[in-house]
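K.L.:
Structure: run_11.cif, mmCIF, C-alpha atoms.
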```cif
data_my_file
#
loop_
_atom_site.label_atom_id
_atom_site.label_comp_id
_atom_site.auth_asym_id
_atom_site.auth_seq_id
_atom_site.Cartn_x
_atom_site.Cartn_y
_atom_site.Cartn_z
CA MET A 1 0.00 0.00 0.00
CA LYS A 2 2.84 2.36 0.91
CA PHE A 3 4.53 1.54 -2.41
CA PHE A 4 1.45 2.57 -4.39
CA ILE A 5 1.09 5.80 -2.41
CA ASN A 6 4.70 6.71 -3.24
CA ILE A 7 4.08 6.02 -6.93
CA ILE A 8 1.04 8.32 -6.89
CA LEU A 9 2.99 11.10 -5.15
CA ILE A 10 5.87 10.87 -7.65
CA SER A 11 3.41 11.01 -10.54
CA LEU A 12 1.76 14.12 -9.13
CA VAL A 13 5.17 15.81 -8.76
CA LEU A 14 6.09 14.99 -12.36
CA ILE A 15 2.75 16.29 -13.65
CA SER A 16 3.23 19.50 -11.65
CA CYS A 17 6.73 20.00 -13.10
CA LYS A 18 5.41 19.56 -16.64
CA GLU A 19 2.63 22.07 -15.99
CA ASN A 20 5.11 24.63 -14.63
CA ALA A 21 7.38 24.10 -17.62
CA SER A 22 4.49 24.63 -20.00
CA LYS A 23 3.70 27.94 -18.28
CA LYS A 24 7.09 29.39 -19.27
CA VAL A 25 6.43 32.05 -21.90
CA TYR A 26 8.76 32.26 -24.87
CA LYS A 27 9.79 35.85 -25.57
CA SER A 28 10.72 36.95 -29.07
CA GLN A 29 13.90 38.84 -29.90
CA SER A 30 13.38 42.57 -29.53
CA SER A 31 13.92 44.85 -32.51
CA GLY A 32 14.52 48.46 -33.45
CA ASN A 33 17.21 50.80 -34.69
CA ILE A 34 19.82 52.03 -32.24
CA ASN A 35 18.51 55.04 -30.27
CA SER A 36 14.97 54.60 -31.59
CA LEU A 37 12.44 54.94 -28.76
CA LEU A 38 8.83 53.80 -29.04
CA VAL A 39 6.56 56.24 -27.17
CA VAL A 40 3.16 54.74 -26.34
CA VAL A 41 0.82 57.62 -25.56
CA ASP A 42 -2.61 58.51 -26.87
CA ASN A 43 -2.84 61.25 -29.50
CA ASP A 44 -4.80 63.60 -27.25
CA LEU A 45 -1.91 63.57 -24.75
CA TRP A 46 0.86 63.70 -27.35
CA SER A 47 -0.47 67.02 -28.64
CA THR A 48 -0.54 68.63 -25.17
CA SER A 49 1.98 69.52 -22.45
CA VAL A 50 2.54 65.79 -21.89
CA GLY A 51 3.89 65.30 -25.39
CA GLU A 52 5.85 68.52 -25.12
CA SER A 53 7.46 67.29 -21.91
CA ILE A 54 8.45 64.01 -23.60
CA ARG A 55 9.96 65.81 -26.59
CA ARG A 56 11.70 68.40 -24.45
CA TYR A 57 13.24 66.15 -21.79
CA ILE A 58 13.40 62.59 -23.16
CA GLY A 59 14.15 63.77 -26.68
CA ALA A 60 16.53 66.48 -25.48
CA GLU A 61 19.41 67.66 -27.63
CA VAL A 62 22.68 65.71 -27.42
CA TYR A 63 25.51 67.91 -26.16
CA GLY A 64 28.68 68.13 -28.20
CA LEU A 65 27.30 67.86 -31.74
CA PRO A 66 27.66 70.56 -34.42
CA GLN A 67 23.95 70.42 -35.23
CA VAL A 68 20.82 69.76 -33.16
CA GLU A 69 20.13 66.03 -32.80
CA PRO A 70 17.86 64.44 -30.15
CA GLN A 71 18.84 61.79 -27.63
CA PHE A 72 16.36 59.41 -29.28
CA ASP A 73 14.32 59.19 -32.45
CA LEU A 74 10.84 59.25 -30.94
CA ARG A 75 8.17 57.12 -32.62
CA GLN A 76 4.75 57.79 -31.10
CA VAL A 77 1.86 55.34 -31.23
CA PRO A 78 -1.49 55.36 -29.34
CA ARG A 79 -2.12 52.67 -26.74
CA SER A 80 -4.74 51.04 -28.96
CA VAL A 81 -2.10 49.81 -31.42
CA PHE A 82 0.43 48.71 -28.81
CA SER A 83 0.16 44.99 -29.47
CA ASP A 84 1.71 42.16 -31.49
CA PHE A 85 4.94 43.15 -33.28
CA VAL A 86 4.69 46.76 -32.07
CA ARG A 87 5.49 45.49 -28.57
CA MET A 88 8.81 44.06 -29.79
CA ASN A 89 10.65 47.40 -29.75
CA ARG A 90 13.76 47.22 -27.57
CA THR A 91 12.96 50.42 -25.65
CA VAL A 92 9.43 51.55 -24.78
CA LEU A 93 8.13 54.60 -22.94
CA LYS A 94 4.46 54.28 -22.02
CA VAL A 95 2.59 57.32 -20.66
CA GLN A 96 -0.99 57.04 -19.47
CA LEU A 97 -3.69 58.74 -17.42
CA SER A 98 -4.43 56.65 -14.34
CA ASP A 99 -5.59 56.94 -10.74
CA GLU A 100 -2.22 55.41 -9.86
CA GLN A 101 0.68 57.87 -9.86
CA GLY A 102 4.35 57.06 -10.41
CA VAL A 103 7.11 55.80 -12.69
CA LYS A 104 7.80 52.07 -13.04
CA PHE A 105 10.69 50.32 -14.78
CA TYR A 106 10.35 46.90 -16.40
CA SER A 107 12.84 44.48 -17.94
CA ASP A 108 11.81 42.18 -20.83
CA PRO A 109 8.00 42.51 -20.44
CA TYR A 110 7.19 41.50 -24.04
CA ALA A 111 10.52 40.74 -25.75
CA LYS A 112 14.15 40.13 -24.89
CA PRO A 113 16.16 42.23 -24.31
CA GLN A 114 13.77 45.06 -23.60
CA LYS A 115 13.39 48.02 -21.26
CA MET A 116 10.01 49.60 -20.68
CA VAL A 117 9.20 52.62 -18.52
CA VAL A 118 5.58 53.32 -17.59
CA VAL A 119 4.61 56.82 -16.41
CA SER A 120 1.16 57.03 -14.83
CA GLY A 121 -0.74 59.95 -13.32
CA PRO A 122 -4.26 61.32 -12.79
CA SER A 123 -3.76 64.52 -14.83
CA ARG A 124 -1.79 65.98 -17.70
CA GLN A 125 0.06 68.32 -15.37
CA ILE A 126 1.20 65.51 -13.11
CA LEU A 127 2.28 63.39 -16.09
CA ALA A 128 4.35 66.27 -17.47
CA GLU A 129 5.95 66.85 -14.06
CA LEU A 130 6.78 63.15 -13.60
CA ILE A 131 8.49 63.06 -16.98
CA GLU A 132 10.55 66.16 -16.18
CA GLN A 133 11.51 64.95 -12.71
CA ASN A 134 12.53 61.45 -13.84
CA ALA A 135 14.00 62.29 -17.26
CA SER A 136 17.63 61.67 -16.26
CA GLN A 137 16.91 58.21 -14.89
CA ILE A 138 14.66 57.28 -17.83
CA ILE A 139 17.30 58.36 -20.36
CA SER A 140 20.02 56.49 -18.47
CA VAL A 141 18.01 53.24 -18.49
CA PHE A 142 17.35 53.46 -22.23
CA LYS A 143 20.89 54.57 -23.10
CA ASN A 144 22.42 51.68 -21.15
CA GLU A 145 20.19 49.26 -23.03
CA GLU A 146 21.18 50.77 -26.36
CA LEU A 147 24.85 50.66 -25.38
CA LYS A 148 24.60 46.92 -24.68
CA GLU A 149 22.85 46.40 -28.01
CA ARG A 150 25.51 48.38 -29.90
CA GLN A 151 28.24 46.28 -28.24
CA ARG A 152 26.36 43.05 -29.00
CA ARG A 153 26.28 43.95 -32.68
CA THR A 154 29.98 44.78 -32.60
CA ARG A 155 30.81 41.32 -31.26
CA LYS A 156 29.35 39.69 -34.38
CA SER A 157 32.50 40.60 -36.31
CA LEU A 158 35.51 41.85 -34.34
CA PHE A 159 38.70 43.59 -35.40
CA ASN A 160 41.97 41.89 -34.37
CA THR A 161 43.27 44.08 -31.52
CA ALA A 162 46.41 42.03 -30.72
CA ALA A 163 48.74 44.92 -31.60
CA ILE A 164 46.80 47.33 -29.38
CA GLU A 165 46.73 44.83 -26.52
CA LYS A 166 50.49 44.37 -26.75
CA GLY A 167 51.28 48.06 -27.15
CA LEU A 168 48.98 49.59 -24.53
CA GLY A 169 48.06 46.72 -22.20
CA LEU A 170 44.33 46.95 -22.77
CA LYS A 171 41.55 45.05 -24.47
CA LEU A 172 38.62 46.50 -26.35
CA GLU A 173 36.02 45.43 -28.89
CA ILE A 174 36.15 47.13 -32.29
CA PRO A 175 34.04 46.24 -35.35
CA SER A 176 36.00 44.55 -38.13
CA VAL A 177 35.24 47.43 -40.55
CA TYR A 178 37.88 49.55 -38.78
CA ARG A 179 41.57 49.60 -39.65
CA ILE A 180 44.74 50.88 -38.01
CA ALA A 181 45.77 54.10 -39.76
CA LYS A 182 48.82 54.73 -37.56
CA ASN A 183 50.75 52.70 -34.98
CA GLU A 184 53.69 54.73 -33.75
CA ASP A 185 55.37 54.73 -30.32
CA ASP A 186 52.33 53.09 -28.73
CA PHE A 187 50.03 55.67 -30.30
CA PHE A 188 47.16 54.14 -32.25
CA TRP A 189 44.92 55.86 -34.76
CA ILE A 190 42.05 53.58 -35.79
CA ARG A 191 39.44 54.62 -38.35
CA ARG A 192 36.69 53.62 -40.72
CA ASP A 193 35.10 55.33 -43.68
CA THR A 194 31.55 56.71 -43.79
CA LYS A 195 29.54 57.92 -46.79
CA THR A 196 31.16 61.35 -46.66
CA GLY A 197 34.01 61.11 -44.17
CA ILE A 198 35.62 59.05 -41.43
CA ILE A 199 35.09 58.14 -37.79
CA ASN A 200 38.19 57.73 -35.68
CA ILE A 201 39.58 56.37 -32.42
CA LEU A 202 42.82 57.57 -30.81
CA LEU A 203 44.53 55.48 -28.12
CA TYR A 204 47.66 56.51 -26.21
CA SER A 205 49.04 57.04 -22.71
CA VAL A 206 51.07 59.70 -20.91
CA ALA A 207 52.58 60.11 -17.44
CA LEU A 208 50.03 60.40 -14.65
CA GLN A 209 49.56 63.79 -12.99
CA GLU A 210 47.52 64.97 -10.02
CA PHE A 211 45.00 67.79 -10.36
CA LYS A 212 43.29 69.66 -7.54
CA THR A 213 40.13 70.46 -9.50
CA THR A 214 38.06 68.96 -12.30
CA GLU A 215 38.53 72.19 -14.24
CA ALA A 216 42.34 71.88 -14.10
CA PHE A 217 42.12 68.26 -15.23
CA SER A 218 39.77 69.23 -18.06
CA GLN A 219 42.12 71.97 -19.25
CA ARG A 220 45.00 69.47 -19.27
CA VAL A 221 42.93 67.04 -21.35
CA ILE A 222 42.29 69.75 -23.97
CA GLN A 223 45.96 70.80 -24.04
CA LEU A 224 47.04 67.19 -24.37
CA ARG A 225 44.62 66.34 -27.20
CA ASP A 226 45.66 69.45 -29.14
CA SER A 227 49.33 68.56 -28.72
CA VAL A 228 48.79 64.95 -29.80
CA ALA A 229 46.66 66.03 -32.77
CA GLN A 230 49.34 68.46 -33.96
CA GLN A 231 51.88 65.65 -33.86
CA HIS A 232 49.78 62.80 -35.31
CA ILE A 233 46.62 64.10 -37.06
CA PRO A 234 47.58 66.32 -40.01
CA GLY A 235 45.11 68.47 -41.92
CA PRO A 236 44.57 68.37 -45.69
CA THR A 237 47.30 70.97 -46.30
CA GLU A 238 50.79 71.24 -44.84
CA GLY A 239 50.88 72.97 -41.47
CA ASN A 240 47.20 72.36 -40.67
CA PHE A 241 46.13 70.05 -37.87
CA MET A 242 43.13 69.23 -35.70
CA THR A 243 42.52 71.42 -32.65
CA THR A 244 39.72 71.94 -30.12
CA GLU A 245 37.02 74.45 -31.08
CA THR A 246 37.48 77.35 -28.62
CA ALA A 247 34.05 78.84 -29.34
CA TYR A 248 32.33 75.75 -27.89
CA THR A 249 32.65 75.02 -24.15
CA PRO A 250 33.85 71.47 -23.41
CA PHE A 251 31.59 69.52 -21.05
CA SER A 252 33.56 67.34 -18.59
CA PHE A 253 32.55 65.08 -15.72
CA PHE A 254 33.93 62.12 -13.80
CA THR A 255 32.60 58.62 -14.33
CA GLU A 256 33.93 55.08 -13.89
CA LEU A 257 34.92 52.59 -16.58
CA ALA A 258 36.93 49.35 -16.34
CA ASN A 259 37.00 49.81 -12.53
CA THR A 260 38.93 53.03 -13.12
CA LYS A 261 38.13 56.70 -12.50
CA VAL A 262 37.66 58.45 -15.83
CA LEU A 263 37.17 62.04 -16.93
CA GLU A 264 34.72 62.17 -19.85
CA THR A 265 34.90 65.24 -22.07
CA ARG A 266 32.63 66.16 -25.00
CA SER A 267 33.12 69.06 -27.38
CA LEU A 268 33.92 70.02 -30.97
CA TRP A 269 37.15 69.97 -32.99
CA LYS A 270 38.17 71.91 -36.11
CA VAL A 271 40.98 72.31 -38.61
CA GLU A 272 41.85 75.97 -39.11
CA GLY A 273 41.56 77.14 -42.71
CA ALA A 274 40.28 73.79 -43.97
CA PHE A 275 36.56 74.08 -43.18
CA MET A 276 36.73 70.75 -41.36
CA SER A 277 35.08 70.16 -37.98
CA GLY A 278 33.04 67.70 -35.97
CA PRO A 279 32.33 66.25 -32.52
CA PHE A 280 34.67 64.35 -30.21
CA VAL A 281 34.32 62.39 -26.99
CA ASN A 282 37.41 61.90 -24.84
CA TYR A 283 37.83 59.39 -21.99
CA SER A 284 40.92 59.92 -19.83
CA PHE A 285 41.50 56.90 -17.56
CA ILE A 286 43.37 57.55 -14.30
CA ASP A 287 45.24 54.23 -14.42
CA THR A 288 47.01 54.26 -11.04
CA LYS A 289 47.89 50.57 -11.35
CA ASN A 290 50.15 51.33 -14.31
CA ASP A 291 50.97 54.91 -13.21
CA ARG A 292 49.63 56.49 -16.39
CA LEU A 293 46.84 58.51 -17.92
CA LEU A 294 45.31 56.30 -20.60
CA VAL A 295 43.48 58.33 -23.23
CA ALA A 296 40.79 56.94 -25.54
CA GLU A 297 39.18 59.47 -27.84
CA GLY A 298 36.66 59.17 -30.63
CA PHE A 299 36.08 61.91 -33.18
CA VAL A 300 33.89 62.18 -36.26
CA TYR A 301 34.26 63.89 -39.61
CA ALA A 302 31.08 63.31 -41.60
CA PRO A 303 29.89 66.42 -43.44
CA SER A 304 26.19 66.48 -44.32
CA GLU A 305 25.51 63.40 -42.19
CA PRO A 306 23.86 63.04 -38.75
CA LYS A 307 26.58 62.35 -36.20
CA ARG A 308 24.79 61.20 -33.04
CA ASP A 309 24.93 57.50 -33.84
CA TYR A 310 28.56 57.69 -34.99
CA VAL A 311 29.55 59.23 -31.64
CA PHE A 312 27.44 56.61 -29.86
CA GLU A 313 29.28 53.84 -31.73
CA LEU A 314 32.61 55.30 -30.62
CA GLU A 315 31.33 55.55 -27.05
CA ALA A 316 30.31 51.88 -27.11
CA ILE A 317 33.76 50.86 -28.38
CA ILE A 318 35.62 52.87 -25.75
CA LYS A 319 33.35 51.62 -22.96
CA SER A 320 34.34 48.05 -23.85
CA ILE A 321 37.91 48.75 -22.66
CA THR A 322 39.41 46.57 -19.95
CA ILE A 323 42.84 47.48 -18.57
CA GLN A 324 45.39 44.76 -17.92
#
```
Could you render the structure from this file as structure tokens?
P.N.:
Amino acid sequence: MKFFINIILISLVLISCKENASKKVYKSQSSGNINSLLVVVDNDLWSTSVGESIRRYIGAEVYGLPQVEPQFDLRQVPRSVFSDFVRMNRTVLKVQLSDEQGVKFYSDPYAKPQKMVVVSGPSRQILAELIEQNASQIISVFKNEELKERQRRTRKSLFNTAAIEKGLGLKLEIPSVYRIAKNEDDFFWIRRDTKTGIINILLYSVALQEFKTTEAFSQRVIQLRDSVAQQHIPGPTEGNFMTTETAYTPFSFFTELANTKVLETRSLWKVEGAFMSGPFVNYSFIDTKNDRLLVAEGFVYAPSEPKRDYVFELEAIIKSITIQ
């Protein structure tokens, strides 16, 4: 009798396991262009202060570009069509009138990978205020997701970085479409062509210095990049070289990459007398382990082309750096 009871219990357990397994929901691969944000909000809200708040704060201008470009390409759809393949977008901002008030963050609700932020409130005014107050966090969540996606695409076909690893003691992931334009005294200039120009990465190191203020450090970064550019990045005519655009204020702040304190600087560059200019992003790693300042800079020359996604690609490459 005890034997039969045990058999029945085992059978029930197995049936329960099968039922639980069948309840697991398969999630499709998410889709969407890099930095394309699906905004799910009804038309009557999109045309009011709520939509204005979304466009002003979530779609804010990217700093450090020569022309106005938004953080994201916003694609608005009403809630009634948010179903089926529309739900597969990698990043989703949903804004809705509701008795419940707040901002909620979700991972992989309909597809994988996916980030969705839901903003709810009982009035248009409250919705607009919630968007303004939480814009920085919302942008950060979406940007981090896009950064991971950009790096995932890079890993599909990687450039051989053995020379860089040997010369500078670091690893990074670069798409195979790039090439080394210059390798001289542990200075690396890596580039790839675009439709109208080139996007570039500079990698080098100098002796480590201490700075009392962020401003002093930032000034040193600008002096250093101008000096290196004069030596290694010639202009189209003899005597011309790349320099920092003095009419545009560099924006610098500290962050952390590769477990290292880093000063990130964004601004514009130019070549005097050559009508050449563009954006750059500079990451100066305070590598105390190796007693050096490791510099990784990306800059873009792409006349008549949008530059936001080129800079974002360079950012994703540099943020893949690990220091040995």
K.L.:
Tell me which protein, DNA and RNA residues are within 12 Å of Gly32 of chain A, counting only C-alpha atoms, leaving out same-chain ones fewer than 5 positions away, and put them as a list in words.
P.N.:
Leu37, Leu38, Phe72, Asp73, Leu74, Arg75, Phe85, Val86, Arg87, Met88, Asn89, Arg90, Thr91, Val92, Ala111, Lys112, Pro113, Gln114, Glu145, Glu146, Glu149 and Arg150 of chain A
K.L.:
Report as JSON, numbers by chain all protein, DNA and RNA residues lying within 12 Å of segment 204-217 of chain A, evaluated on only C-alpha atoms, omitting residues in the same chain fewer than 3 positions from it.
P.N.:
{"A": [164, 165, 167, 168, 169, 170, 182, 183, 184, 185, 186, 187, 188, 189, 190, 201, 220, 221, 222, 223, 224, 225, 227, 228, 229, 232, 249, 250, 251, 252, 253, 254, 255, 262, 263, 264, 265, 282, 283, 284, 285, 286, 287, 288, 289, 290, 291, 292, 293, 294, 295, 296, 297]}
K.L.:
Save the residues we just selected, C-alpha atoms, as a compact mmCIF listing (two decimals), in the frame of the given file?
P.N.:
```txt
# COMPACT_ATOMS: atom_id res chain seq x y z
CA ILE A 164 46.80 47.33 -29.38
CA GLU A 165 46.73 44.83 -26.52
CA GLY A 167 51.28 48.06 -27.15
CA LEU A 168 48.98 49.59 -24.53
CA GLY A 169 48.06 46.72 -22.20
CA LEU A 170 44.33 46.95 -22.77
CA LYS A 182 48.82 54.73 -37.56
CA ASN A 183 50.75 52.70 -34.98
CA GLU A 184 53.69 54.73 -33.75
CA ASP A 185 55.37 54.73 -30.32
CA ASP A 186 52.33 53.09 -28.73
CA PHE A 187 50.03 55.67 -30.30
CA PHE A 188 47.16 54.14 -32.25
CA TRP A 189 44.92 55.86 -34.76
CA ILE A 190 42.05 53.58 -35.79
CA ILE A 201 39.58 56.37 -32.42
CA ARG A 220 45.00 69.47 -19.27
CA VAL A 221 42.93 67.04 -21.35
CA ILE A 222 42.29 69.75 -23.97
CA GLN A 223 45.96 70.80 -24.04
CA LEU A 224 47.04 67.19 -24.37
CA ARG A 225 44.62 66.34 -27.20
CA SER A 227 49.33 68.56 -28.72
CA VAL A 228 48.79 64.95 -29.80
CA ALA A 229 46.66 66.03 -32.77
CA HIS A 232 49.78 62.80 -35.31
CA THR A 249 32.65 75.02 -24.15
CA PRO A 250 33.85 71.47 -23.41
CA PHE A 251 31.59 69.52 -21.05
CA SER A 252 33.56 67.34 -18.59
CA PHE A 253 32.55 65.08 -15.72
CA PHE A 254 33.93 62.12 -13.80
CA THR A 255 32.60 58.62 -14.33
CA VAL A 262 37.66 58.45 -15.83
CA LEU A 263 37.17 62.04 -16.93
CA GLU A 264 34.72 62.17 -19.85
CA THR A 265 34.90 65.24 -22.07
CA ASN A 282 37.41 61.90 -24.84
CA TYR A 283 37.83 59.39 -21.99
CA SER A 284 40.92 59.92 -19.83
CA PHE A 285 41.50 56.90 -17.56
CA ILE A 286 43.37 57.55 -14.30
CA ASP A 287 45.24 54.23 -14.42
CA THR A 288 47.01 54.26 -11.04
CA LYS A 289 47.89 50.57 -11.35
CA ASN A 290 50.15 51.33 -14.31
CA ASP A 291 50.97 54.91 -13.21
CA ARG A 292 49.63 56.49 -16.39
CA LEU A 293 46.84 58.51 -17.92
CA LEU A 294 45.31 56.30 -20.60
CA VAL A 295 43.48 58.33 -23.23
CA ALA A 296 40.79 56.94 -25.54
CA GLU A 297 39.18 59.47 -27.84
```
K.L.:
What would the selection look like, as a CSV table (one decimal) with C-alpha atoms, in the frame of the given file, if the PyMOL selection byres ((chain A and resi 310) around 10) were run on the coordinates I just shared?
P.N.:
```csv
chain,number,residue,atom,x,y,z
A,194,THR,CA,31.6,56.7,-43.8
A,198,ILE,CA,35.6,59.0,-41.4
A,199,ILE,CA,35.1,58.1,-37.8
A,200,ASN,CA,38.2,57.7,-35.7
A,279,PRO,CA,32.3,66.2,-32.5
A,298,GLY,CA,36.7,59.2,-30.6
A,299,PHE,CA,36.1,61.9,-33.2
A,300,VAL,CA,33.9,62.2,-36.3
A,301,TYR,CA,34.3,63.9,-39.6
A,302,ALA,CA,31.1,63.3,-41.6
A,305,GLU,CA,25.5,63.4,-42.2
A,306,PRO,CA,23.9,63.0,-38.8
A,307,LYS,CA,26.6,62.4,-36.2
A,308,ARG,CA,24.8,61.2,-33.0
A,309,ASP,CA,24.9,57.5,-33.8
A,311,VAL,CA,29.6,59.2,-31.6
A,312,PHE,CA,27.4,56.6,-29.9
A,313,GLU,CA,29.3,53.8,-31.7
A,314,LEU,CA,32.6,55.3,-30.6
A,315,GLU,CA,31.3,55.6,-27.0
A,316,ALA,CA,30.3,51.9,-27.1
```
K.L.:
Is it possible to get the residues within 10 Å of (4.1, 53.5, -22.9) (coordinates as in the file, counting all atoms listed in the file) written as a ChimeraX atom specification?
P.N.:
/A:38-42,76-79,82,87,91-96,116-120
K.L.:
Need to verify the contact set: Arg124 of chain A, 10 Å, all atoms listed in the file, exclusion of same-chain residues closer than 4 positions in sequence. Can you return it as a VMD selection string?
P.N.:
chain A and resid 45 48 to 51 96 to 97 120 128 to 130
K.L.:
Please list as a VMD selection string every residue within 6 Å of segment 171-180 of chain A, counting only C-alpha atoms and excluding residues in the same chain fewer than 2 positions away.
P.N.:
chain A and resid 154 157 to 159 165 182 189 to 192 317 320 to 322
K.L.:
Which of these residues is nearest to Arg152 of chain A, using all atoms listed in the file: A:Val281, A:Leu257, A:Ile139, A:Ile34?
P.N.:
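Of A:Val281, A:Leu257, A:Ile139, A:Ile34, the one nearest Arg152 of chain A is A:Ile34, counting all atoms listed in the file.
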K.L.:
Mind checking which residues fall within 9 Å of Pro303 of chain A, counting only C-alpha atoms, ignoring those fewer than 3 positions away in the same chain, and posting them as a short mmCIF file (atom, residue, chain, number, x, y, z; two decimals) with C-alpha atoms, in the coordinates of the input?
P.N.:
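Done, and the output landed in part.cif:
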```
data_model
loop_
_atom_site.label_atom_id
_atom_site.label_comp_id
_atom_site.auth_asym_id
_atom_site.auth_seq_id
_atom_site.Cartn_x
_atom_site.Cartn_y
_atom_site.Cartn_z
CA THR A 196 31.16 61.35 -46.66
CA GLY A 197 34.01 61.11 -44.17
CA MET A 276 36.73 70.75 -41.36
CA SER A 277 35.08 70.16 -37.98
CA GLY A 278 33.04 67.70 -35.97
CA PRO A 306 23.86 63.04 -38.75
CA LYS A 307 26.58 62.35 -36.20
#
```
K.L.:
Work out how far atom CA of Arg266 of chain A is from atom CA of Leu65 of chain A, in Å to one decimal.
P.N.:
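Distance between the two atoms: 8.8 Å.
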K.L.:
I'd like the residues picked by the PyMOL selection byres ((chain A and resi 271) around 9) written out as a PyMOL selection string, using the chain letters and numbers from the file.
P.N.:
chain A and resi 235-236+240-245+269-270+272-277
K.L.:
Take segment 88-94 of chain A, bring it up to all heavy atoms, and give me the output as a PDB file, in the frame of the given file.
P.N.:
```pdb
ATOM      1  N   MET A  88       7.476  44.653 -29.729  1.00  0.00           N
ATOM      2  CA  MET A  88       8.810  44.060 -29.790  1.00  0.00           C
ATOM      3  C   MET A  88       9.936  45.095 -29.743  1.00  0.00           C
ATOM      4  O   MET A  88      11.105  44.735 -29.726  1.00  0.00           O
ATOM      5  CB  MET A  88       8.958  43.216 -31.070  1.00  0.00           C
ATOM      6  CG  MET A  88       7.974  42.048 -31.182  1.00  0.00           C
ATOM      7  SD  MET A  88       8.128  40.846 -29.836  1.00  0.00           S
ATOM      8  CE  MET A  88       6.654  41.220 -28.877  1.00  0.00           C
ATOM      9  N   ASN A  89       9.598  46.376 -29.758  1.00  0.00           N
ATOM     10  CA  ASN A  89      10.650  47.400 -29.750  1.00  0.00           C
ATOM     11  C   ASN A  89      11.514  47.252 -28.496  1.00  0.00           C
ATOM     12  O   ASN A  89      11.019  46.982 -27.404  1.00  0.00           O
ATOM     13  CB  ASN A  89      10.040  48.805 -29.787  1.00  0.00           C
ATOM     14  CG  ASN A  89      10.981  49.809 -30.416  1.00  0.00           C
ATOM     15  OD1 ASN A  89      11.071  49.906 -31.625  1.00  0.00           O
ATOM     16  ND2 ASN A  89      11.713  50.548 -29.585  1.00  0.00           N
ATOM     17  N   ARG A  90      12.802  47.457 -28.660  1.00  0.00           N
ATOM     18  CA  ARG A  90      13.760  47.220 -27.570  1.00  0.00           C
ATOM     19  C   ARG A  90      13.579  48.201 -26.396  1.00  0.00           C
ATOM     20  O   ARG A  90      13.803  47.854 -25.240  1.00  0.00           O
ATOM     21  CB  ARG A  90      15.189  47.305 -28.121  1.00  0.00           C
ATOM     22  CG  ARG A  90      16.273  46.811 -27.189  1.00  0.00           C
ATOM     23  CD  ARG A  90      17.615  46.728 -27.886  1.00  0.00           C
ATOM     24  NE  ARG A  90      17.916  47.923 -28.644  1.00  0.00           N
ATOM     25  CZ  ARG A  90      17.773  48.016 -29.972  1.00  0.00           C
ATOM     26  NH1 ARG A  90      17.347  46.981 -30.674  1.00  0.00           N
ATOM     27  NH2 ARG A  90      18.063  49.148 -30.592  1.00  0.00           N
ATOM     28  N   THR A  91      13.190  49.431 -26.703  1.00  0.00           N
ATOM     29  CA  THR A  91      12.960  50.420 -25.650  1.00  0.00           C
ATOM     30  C   THR A  91      11.571  51.033 -25.827  1.00  0.00           C
ATOM     31  O   THR A  91      11.208  51.440 -26.942  1.00  0.00           O
ATOM     32  CB  THR A  91      14.024  51.543 -25.705  1.00  0.00           C
ATOM     33  OG1 THR A  91      14.099  52.074 -27.027  1.00  0.00           O
ATOM     34  CG2 THR A  91      15.390  50.999 -25.299  1.00  0.00           C
ATOM     35  N   VAL A  92      10.825  51.091 -24.731  1.00  0.00           N
ATOM     36  CA  VAL A  92       9.430  51.550 -24.780  1.00  0.00           C
ATOM     37  C   VAL A  92       9.167  52.501 -23.620  1.00  0.00           C
ATOM     38  O   VAL A  92       9.441  52.180 -22.461  1.00  0.00           O
ATOM     39  CB  VAL A  92       8.444  50.369 -24.702  1.00  0.00           C
ATOM     40  CG1 VAL A  92       7.006  50.881 -24.760  1.00  0.00           C
ATOM     41  CG2 VAL A  92       8.701  49.352 -25.812  1.00  0.00           C
ATOM     42  N   LEU A  93       8.620  53.660 -23.948  1.00  0.00           N
ATOM     43  CA  LEU A  93       8.130  54.600 -22.940  1.00  0.00           C
ATOM     44  C   LEU A  93       6.625  54.668 -23.067  1.00  0.00           C
ATOM     45  O   LEU A  93       6.103  55.068 -24.108  1.00  0.00           O
ATOM     46  CB  LEU A  93       8.747  55.982 -23.134  1.00  0.00           C
ATOM     47  CG  LEU A  93       8.188  57.097 -22.231  1.00  0.00           C
ATOM     48  CD1 LEU A  93       8.487  56.812 -20.763  1.00  0.00           C
ATOM     49  CD2 LEU A  93       8.749  58.456 -22.648  1.00  0.00           C
ATOM     50  N   LYS A  94       5.925  54.270 -22.001  1.00  0.00           N
ATOM     51  CA  LYS A  94       4.460  54.280 -22.020  1.00  0.00           C
ATOM     52  C   LYS A  94       3.967  55.325 -21.022  1.00  0.00           C
ATOM     53  O   LYS A  94       4.347  55.312 -19.845  1.00  0.00           O
ATOM     54  CB  LYS A  94       3.927  52.894 -21.653  1.00  0.00           C
ATOM     55  CG  LYS A  94       2.417  52.741 -21.819  1.00  0.00           C
ATOM     56  CD  LYS A  94       1.985  51.306 -21.517  1.00  0.00           C
ATOM     57  CE  LYS A  94       0.500  51.107 -21.745  1.00  0.00           C
ATOM     58  NZ  LYS A  94       0.068  49.725 -21.415  1.00  0.00           N
TER      59      LYS A  94
END
```
